[in-house]
Amino acid sequence: MTEPSTQQPRQSPPPPAESGGTVPLDSTAQLLTRITAQLGTQLSLVSRNGTRRPMHRPRPSEALRPSAAPRPPAAPRSPDTPTLLVVAHGSRDPQALRTVLALLDRVRDLRPGLDVRLGHIELNRPLLPDTLDGLRGADAVLVPLLLGRGHHVKHDLPAAATAAPAVRTRVAAPLGPHPLLVEALYGRLVEAGWDPADQGSRSAAVVLAAAGSRDPDSAQDTRRTARMLAERLGVPVVPAYASAATPAVPAALRALAARGRHRTFVASYFTAPGRFASAAAGAAPSTAALPLGAHPAMARLLLHRYDQALSATAPSEMVSLLASA
(Lines give C-alpha, C1' and ligand atoms only; values in the text may rest on other atoms or scores of the structure.)
Protein backbone atom coordinates (compact mmCIF):
# COMPACT_ATOMS: atom_id res chain seq x y z
CA MET A 1 0.00 0.00 0.00
CA THR A 2 1.40 3.37 -0.91
CA GLU A 3 1.31 6.30 1.45
CA PRO A 4 -0.98 9.14 0.34
CA SER A 5 0.98 12.02 -1.07
CA THR A 6 1.17 15.11 1.13
CA GLN A 7 2.17 17.33 -1.75
CA GLN A 8 -0.18 20.21 -2.28
CA PRO A 9 -1.85 20.20 -5.75
CA ARG A 10 -0.60 22.84 -8.07
CA GLN A 11 -3.05 25.65 -8.34
CA SER A 12 -3.80 26.93 -11.81
CA PRO A 13 -3.87 30.66 -12.34
CA PRO A 14 -7.39 32.06 -12.02
CA PRO A 15 -9.30 32.33 -15.25
CA PRO A 16 -9.86 35.79 -16.59
CA ALA A 17 -13.05 37.40 -15.38
CA GLU A 18 -15.92 37.67 -17.78
CA SER A 19 -16.92 41.09 -16.65
CA GLY A 20 -13.47 42.53 -15.82
CA GLY A 21 -13.85 42.01 -12.05
CA THR A 22 -10.52 40.13 -11.74
CA VAL A 23 -7.19 41.91 -12.22
CA PRO A 24 -5.27 40.12 -15.02
CA LEU A 25 -1.63 39.07 -14.61
CA ASP A 26 0.74 41.91 -15.31
CA SER A 27 2.78 40.07 -17.87
CA THR A 28 3.87 36.70 -19.15
CA ALA A 29 7.26 37.24 -17.43
CA GLN A 30 5.61 37.52 -14.01
CA LEU A 31 3.64 34.35 -14.68
CA LEU A 32 6.84 32.47 -15.53
CA THR A 33 8.54 33.85 -12.42
CA ARG A 34 5.76 32.57 -10.19
CA ILE A 35 5.71 29.16 -11.80
CA THR A 36 9.51 28.87 -11.46
CA ALA A 37 9.37 29.79 -7.76
CA GLN A 38 6.65 27.21 -7.05
CA LEU A 39 8.53 24.55 -8.99
CA GLY A 40 11.75 25.27 -7.04
CA THR A 41 9.92 24.91 -3.74
CA GLN A 42 8.46 21.56 -4.75
CA LEU A 43 11.77 20.25 -6.10
CA SER A 44 13.52 21.13 -2.82
CA LEU A 45 11.34 18.49 -1.14
CA VAL A 46 12.46 15.73 -3.50
CA SER A 47 15.66 13.69 -3.04
CA ARG A 48 17.96 12.79 -5.91
CA ASN A 49 16.54 9.26 -6.03
CA GLY A 50 13.06 10.64 -6.63
CA THR A 51 11.66 10.06 -3.14
CA ARG A 52 10.15 12.79 -1.04
CA ARG A 53 12.27 14.10 1.83
CA PRO A 54 10.60 13.83 5.24
CA MET A 55 9.64 17.16 6.72
CA HIS A 56 11.46 17.98 9.95
CA ARG A 57 9.27 18.61 12.95
CA PRO A 58 11.09 19.92 16.04
CA ARG A 59 11.09 17.73 19.11
CA PRO A 60 9.77 19.22 22.34
CA SER A 61 13.33 19.65 23.61
CA GLU A 62 14.16 21.77 20.56
CA ALA A 63 11.38 24.26 21.15
CA LEU A 64 12.54 27.63 22.39
CA ARG A 65 10.98 29.18 25.44
CA PRO A 66 9.24 32.44 24.60
CA SER A 67 11.82 34.38 26.61
CA ALA A 68 14.87 32.47 25.42
CA ALA A 69 17.02 34.08 22.75
CA PRO A 70 18.28 31.69 20.07
CA ARG A 71 21.96 30.79 20.48
CA PRO A 72 24.10 31.72 17.47
CA PRO A 73 25.19 28.68 15.49
CA ALA A 74 28.70 27.43 16.22
CA ALA A 75 31.24 28.05 13.54
CA PRO A 76 32.44 24.87 11.87
CA ARG A 77 35.63 23.56 13.43
CA SER A 78 38.55 23.21 11.09
CA PRO A 79 40.31 19.84 11.39
CA ASP A 80 43.58 21.78 11.42
CA THR A 81 42.62 23.76 14.54
CA PRO A 82 44.24 22.27 17.65
CA THR A 83 42.10 21.45 20.66
CA LEU A 84 42.35 23.78 23.64
CA LEU A 85 42.96 21.40 26.55
CA VAL A 86 42.58 23.26 29.85
CA VAL A 87 44.59 21.56 32.61
CA ALA A 88 43.18 22.17 36.09
CA HIS A 89 44.73 20.99 39.33
CA GLY A 90 41.66 19.31 40.79
CA SER A 91 39.97 19.64 44.17
CA ARG A 92 37.76 17.68 46.55
CA ASP A 93 35.51 20.72 46.80
CA PRO A 94 32.53 20.03 44.48
CA GLN A 95 32.28 23.75 43.74
CA ALA A 96 35.70 23.63 42.08
CA LEU A 97 34.64 21.43 39.18
CA ARG A 98 31.43 23.41 38.65
CA THR A 99 33.43 26.63 38.56
CA VAL A 100 35.93 25.29 36.04
CA LEU A 101 33.17 23.99 33.78
CA ALA A 102 31.51 27.41 33.87
CA LEU A 103 34.82 28.99 32.86
CA LEU A 104 35.14 26.60 29.91
CA ASP A 105 31.64 27.55 28.80
CA ARG A 106 32.75 31.19 28.72
CA VAL A 107 35.72 30.21 26.56
CA ARG A 108 33.42 28.39 24.12
CA ASP A 109 31.13 31.43 23.97
CA LEU A 110 34.09 33.63 23.06
CA ARG A 111 35.30 31.29 20.32
CA PRO A 112 32.49 29.15 18.93
CA GLY A 113 33.64 26.08 17.05
CA LEU A 114 36.88 25.66 19.01
CA ASP A 115 37.20 22.22 20.61
CA VAL A 116 37.67 22.96 24.33
CA ARG A 117 38.34 20.09 26.72
CA LEU A 118 39.32 19.60 30.36
CA GLY A 119 41.88 17.43 32.10
CA HIS A 120 42.86 17.36 35.79
CA ILE A 121 46.25 16.71 37.32
CA GLU A 122 44.62 14.92 40.25
CA LEU A 123 41.48 14.48 42.39
CA ASN A 124 38.89 15.07 39.65
CA ARG A 125 37.83 13.40 36.44
CA PRO A 126 38.59 13.58 33.66
CA LEU A 127 42.25 13.12 34.48
CA LEU A 128 44.73 14.61 32.03
CA PRO A 129 46.02 11.27 30.65
CA ASP A 130 42.44 10.16 29.93
CA THR A 131 41.65 13.34 28.03
CA LEU A 132 44.86 13.02 26.02
CA ASP A 133 43.99 9.41 25.24
CA GLY A 134 40.75 10.60 23.68
CA LEU A 135 42.68 12.94 21.36
CA ARG A 136 44.81 10.32 19.58
CA GLY A 137 45.93 11.55 16.19
CA ALA A 138 44.94 15.14 16.93
CA ASP A 139 46.72 18.37 17.81
CA ALA A 140 46.22 19.94 21.24
CA VAL A 141 47.47 22.93 23.23
CA LEU A 142 47.70 22.25 26.96
CA VAL A 143 46.83 25.49 28.76
CA PRO A 144 47.48 25.22 32.50
CA LEU A 145 44.75 26.68 34.71
CA LEU A 146 47.60 27.55 37.06
CA LEU A 147 48.76 30.98 38.11
CA GLY A 148 52.53 30.71 37.99
CA ARG A 149 55.56 28.61 37.31
CA GLY A 150 55.93 25.62 39.59
CA HIS A 151 56.32 21.86 39.64
CA HIS A 152 53.09 21.15 37.78
CA VAL A 153 53.91 23.54 34.94
CA LYS A 154 57.58 22.63 34.67
CA HIS A 155 57.38 18.88 35.12
CA ASP A 156 53.88 17.37 35.24
CA LEU A 157 52.52 18.92 32.05
CA PRO A 158 55.58 18.25 29.85
CA ALA A 159 55.72 14.70 31.23
CA ALA A 160 52.04 14.14 30.39
CA ALA A 161 52.60 15.47 26.88
CA THR A 162 55.61 13.21 26.38
CA ALA A 163 53.62 10.21 27.63
CA ALA A 164 50.99 10.81 24.92
CA PRO A 165 53.00 10.44 21.69
CA ALA A 166 49.83 9.87 19.66
CA VAL A 167 48.83 13.50 20.32
CA ARG A 168 50.78 16.39 18.83
CA THR A 169 50.98 18.72 21.82
CA ARG A 170 52.13 22.18 22.77
CA VAL A 171 52.24 23.35 26.39
CA ALA A 172 51.26 26.97 26.98
CA ALA A 173 52.62 29.25 29.66
CA PRO A 174 50.80 29.51 33.01
CA LEU A 175 48.19 32.22 33.35
CA GLY A 176 50.26 34.55 35.46
CA PRO A 177 51.58 37.08 35.75
CA HIS A 178 49.39 38.98 33.31
CA PRO A 179 47.30 42.18 33.30
CA LEU A 180 44.13 40.14 32.67
CA LEU A 181 44.68 38.43 36.01
CA VAL A 182 44.90 41.85 37.64
CA GLU A 183 41.63 42.78 35.94
CA ALA A 184 39.96 39.67 37.38
CA LEU A 185 41.43 40.27 40.86
CA TYR A 186 40.25 43.88 40.82
CA GLY A 187 36.76 42.84 39.76
CA ARG A 188 36.49 40.29 42.55
CA LEU A 189 37.70 42.84 45.12
CA VAL A 190 35.06 45.35 44.01
CA GLU A 191 32.42 42.63 44.37
CA ALA A 192 33.67 42.05 47.93
CA GLY A 193 33.32 45.71 48.89
CA TRP A 194 36.50 47.40 47.76
CA ASP A 195 35.77 51.05 47.12
CA PRO A 196 37.74 52.64 44.28
CA ALA A 197 37.75 55.78 46.43
CA ASP A 198 40.22 53.94 48.70
CA GLN A 199 42.93 54.45 46.09
CA GLY A 200 45.81 56.19 47.79
CA SER A 201 44.31 55.66 51.25
CA ARG A 202 46.81 55.45 54.10
CA SER A 203 44.66 52.95 56.01
CA ALA A 204 43.77 50.50 53.23
CA ALA A 205 45.78 47.52 52.00
CA VAL A 206 45.29 44.13 50.35
CA VAL A 207 46.67 40.68 51.04
CA LEU A 208 47.08 38.59 47.91
CA ALA A 209 46.37 35.08 49.21
CA ALA A 210 47.96 32.36 47.05
CA ALA A 211 48.39 28.61 47.40
CA GLY A 212 52.16 28.72 47.77
CA SER A 213 55.00 26.69 46.30
CA ARG A 214 58.56 25.74 47.13
CA ASP A 215 59.60 26.75 43.64
CA PRO A 216 61.24 30.22 43.78
CA ASP A 217 59.91 31.04 40.31
CA SER A 218 56.35 30.55 41.55
CA ALA A 219 56.92 32.96 44.44
CA GLN A 220 58.49 35.45 42.03
CA ASP A 221 55.42 35.28 39.79
CA THR A 222 53.11 35.90 42.75
CA ARG A 223 55.16 38.89 43.90
CA ARG A 224 55.01 40.35 40.40
CA THR A 225 51.22 39.99 40.33
CA ALA A 226 51.06 41.68 43.74
CA ARG A 227 53.06 44.64 42.40
CA MET A 228 50.78 44.93 39.35
CA LEU A 229 47.68 44.85 41.56
CA ALA A 230 49.19 47.47 43.89
CA GLU A 231 49.67 49.78 40.90
CA ARG A 232 46.02 49.30 39.97
CA LEU A 233 44.68 49.85 43.49
CA GLY A 234 47.08 52.54 44.68
CA VAL A 235 47.61 50.78 48.04
CA PRO A 236 50.11 48.18 49.31
CA VAL A 237 49.46 44.59 48.24
CA VAL A 238 51.29 41.91 50.24
CA PRO A 239 51.53 38.35 48.93
CA ALA A 240 50.75 35.62 51.46
CA TYR A 241 50.40 31.86 51.20
CA ALA A 242 48.22 29.01 52.37
CA SER A 243 51.09 26.48 52.34
CA ALA A 244 54.76 25.86 51.49
CA ALA A 245 55.81 29.51 51.77
CA THR A 246 55.67 32.49 54.11
CA PRO A 247 54.13 34.70 55.28
CA ALA A 248 50.82 33.04 55.99
CA VAL A 249 47.68 35.12 55.47
CA PRO A 250 47.06 35.86 59.21
CA ALA A 251 50.69 36.96 59.64
CA ALA A 252 50.47 39.29 56.65
CA LEU A 253 47.28 40.84 58.02
CA ARG A 254 48.92 41.43 61.41
CA ALA A 255 51.94 43.05 59.77
CA LEU A 256 49.73 45.44 57.84
CA ALA A 257 47.77 46.35 60.97
CA ALA A 258 51.05 47.15 62.74
CA ARG A 259 51.75 49.65 59.95
CA GLY A 260 48.39 51.34 60.49
CA ARG A 261 46.68 49.55 57.60
CA HIS A 262 43.48 48.55 59.38
CA ARG A 263 41.18 48.60 56.35
CA THR A 264 42.45 45.40 54.78
CA PHE A 265 41.02 43.09 52.13
CA VAL A 266 41.98 39.58 51.09
CA ALA A 267 42.20 38.94 47.35
CA SER A 268 41.83 35.24 46.54
CA TYR A 269 44.57 34.31 44.08
CA PHE A 270 42.97 30.95 43.34
CA THR A 271 41.40 29.74 40.12
CA ALA A 272 38.52 27.97 41.89
CA PRO A 273 37.11 27.21 45.35
CA GLY A 274 38.99 24.69 47.45
CA ARG A 275 40.65 24.00 50.77
CA PHE A 276 43.31 26.71 50.45
CA ALA A 277 40.84 29.31 49.21
CA SER A 278 38.53 28.58 52.15
CA ALA A 279 41.41 28.86 54.63
CA ALA A 280 42.45 32.22 53.20
CA ALA A 281 38.89 33.52 53.30
CA GLY A 282 38.54 32.39 56.92
CA ALA A 283 41.49 34.57 57.91
CA ALA A 284 40.03 37.73 56.38
CA PRO A 285 38.88 40.40 58.87
CA SER A 286 35.80 40.95 56.71
CA THR A 287 34.49 39.41 53.50
CA ALA A 288 37.24 37.99 51.30
CA ALA A 289 37.06 38.26 47.55
CA LEU A 290 35.90 35.18 45.66
CA PRO A 291 38.37 33.06 43.69
CA LEU A 292 38.98 34.15 40.10
CA GLY A 293 36.70 31.40 38.78
CA ALA A 294 34.68 32.12 35.66
CA HIS A 295 35.47 35.85 35.55
CA PRO A 296 35.31 37.03 31.90
CA ALA A 297 38.96 38.11 32.02
CA MET A 298 39.96 34.53 32.86
CA ALA A 299 38.29 33.20 29.71
CA ARG A 300 40.07 35.80 27.61
CA LEU A 301 43.37 34.92 29.24
CA LEU A 302 43.00 31.19 28.51
CA LEU A 303 42.46 32.00 24.84
CA HIS A 304 45.40 34.40 24.87
CA ARG A 305 47.73 31.71 26.21
CA TYR A 306 46.34 29.27 23.63
CA ASP A 307 47.00 31.69 20.76
CA GLN A 308 50.39 32.57 22.18
CA ALA A 309 51.44 28.91 22.27
CA LEU A 310 50.30 28.36 18.68
CA SER A 311 52.33 31.26 17.36
CA ALA A 312 55.39 30.81 19.57
CA THR A 313 57.19 27.70 18.44
CA ALA A 314 56.91 24.11 17.27
CA PRO A 315 55.28 21.56 19.63
CA SER A 316 58.44 19.60 20.47
CA GLU A 317 60.38 22.80 21.12
CA MET A 318 57.64 24.09 23.45
CA VAL A 319 57.74 20.93 25.57
CA SER A 320 61.52 21.10 25.75
CA LEU A 321 61.42 24.78 26.67
CA LEU A 322 59.06 24.27 29.60
CA ALA A 323 60.87 21.16 30.84
CA SER A 324 64.11 23.10 31.15
CA ALA A 325 62.57 26.26 32.65
# chains A, B, ... in the order shown; residues from 1 in each chain; ligands from 1
>>> select_by_dssp(residues="stretch 153-297 of chain A", states="helix (DSSP H, G or I)", output="PyMOL selection string")
chain A and resi 153-162+179-191+196-198+216-233+249-258+275-282+296-297
>>> select_by_dssp(residues="stretch 65-272 of chain A", states="strand (DSSP E or B)", output="count of residues only")
41
>>> residues_around(residues="A:Val235", least_positions_apart="5", cutoff="12 Å", atoms="only C-alpha atoms", output="number ranges by chain")
A: 194-207, 226-230, 256, 261, 263-265
>>> residues_around(residues="A:His152", least_positions_apart="6", cutoff="9 Å", atoms="only C-alpha atoms", output="PyMOL selection string")
chain A and resi 89+121+144+146+158
>>> write_last_selection(atoms="N, CA and C atoms", output="PDB file, in the first residue's frame")
ATOM      1  N   HIS A  89      44.072  21.796  38.299  1.00  0.00           N
ATOM      2  CA  HIS A  89      44.728  20.992  39.328  1.00  0.00           C
ATOM      3  C   HIS A  89      43.813  19.895  39.836  1.00  0.00           C
ATOM      4  N   ILE A 121      44.996  17.322  36.870  1.00  0.00           N
ATOM      5  CA  ILE A 121      46.246  16.713  37.319  1.00  0.00           C
ATOM      6  C   ILE A 121      45.957  15.642  38.364  1.00  0.00           C
ATOM      7  N   PRO A 144      47.644  25.476  31.062  1.00  0.00           N
ATOM      8  CA  PRO A 144      47.477  25.225  32.499  1.00  0.00           C
ATOM      9  C   PRO A 144      46.585  26.270  33.161  1.00  0.00           C
ATOM     10  N   LEU A 146      46.696  27.349  35.927  1.00  0.00           N
ATOM     11  CA  LEU A 146      47.595  27.545  37.059  1.00  0.00           C
ATOM     12  C   LEU A 146      48.175  28.949  36.944  1.00  0.00           C
ATOM     13  N   PRO A 158      54.712  18.807  30.900  1.00  0.00           N
ATOM     14  CA  PRO A 158      55.579  18.254  29.851  1.00  0.00           C
ATOM     15  C   PRO A 158      55.663  16.732  29.902  1.00  0.00           C
TER      16      PRO A 158
END
>>> atom_distance(atom1="atom CA of A:Asp307", atom2="atom CA of A:Gly119")
18.9 Å
>>> atom_distance(atom1="atom CA of A:Ser91", atom2="atom CA of A:Pro165")
27.6 Å
>>> closest_residue(among="A:Phe276, A:Ala244, A:Arg305, A:Leu233", to="A:Pro177", atoms="only C-alpha atoms")
A:Arg305
>>> atom_distance(atom1="atom CA of A:Leu145", atom2="atom CA of A:Asp105")
14.4 Å
>>> closest_residue(among="A:Asp109, A:Asp80, A:Ala173, A:Ala279", to="A:Ala248", atoms="only C-alpha atoms")
A:Ala279
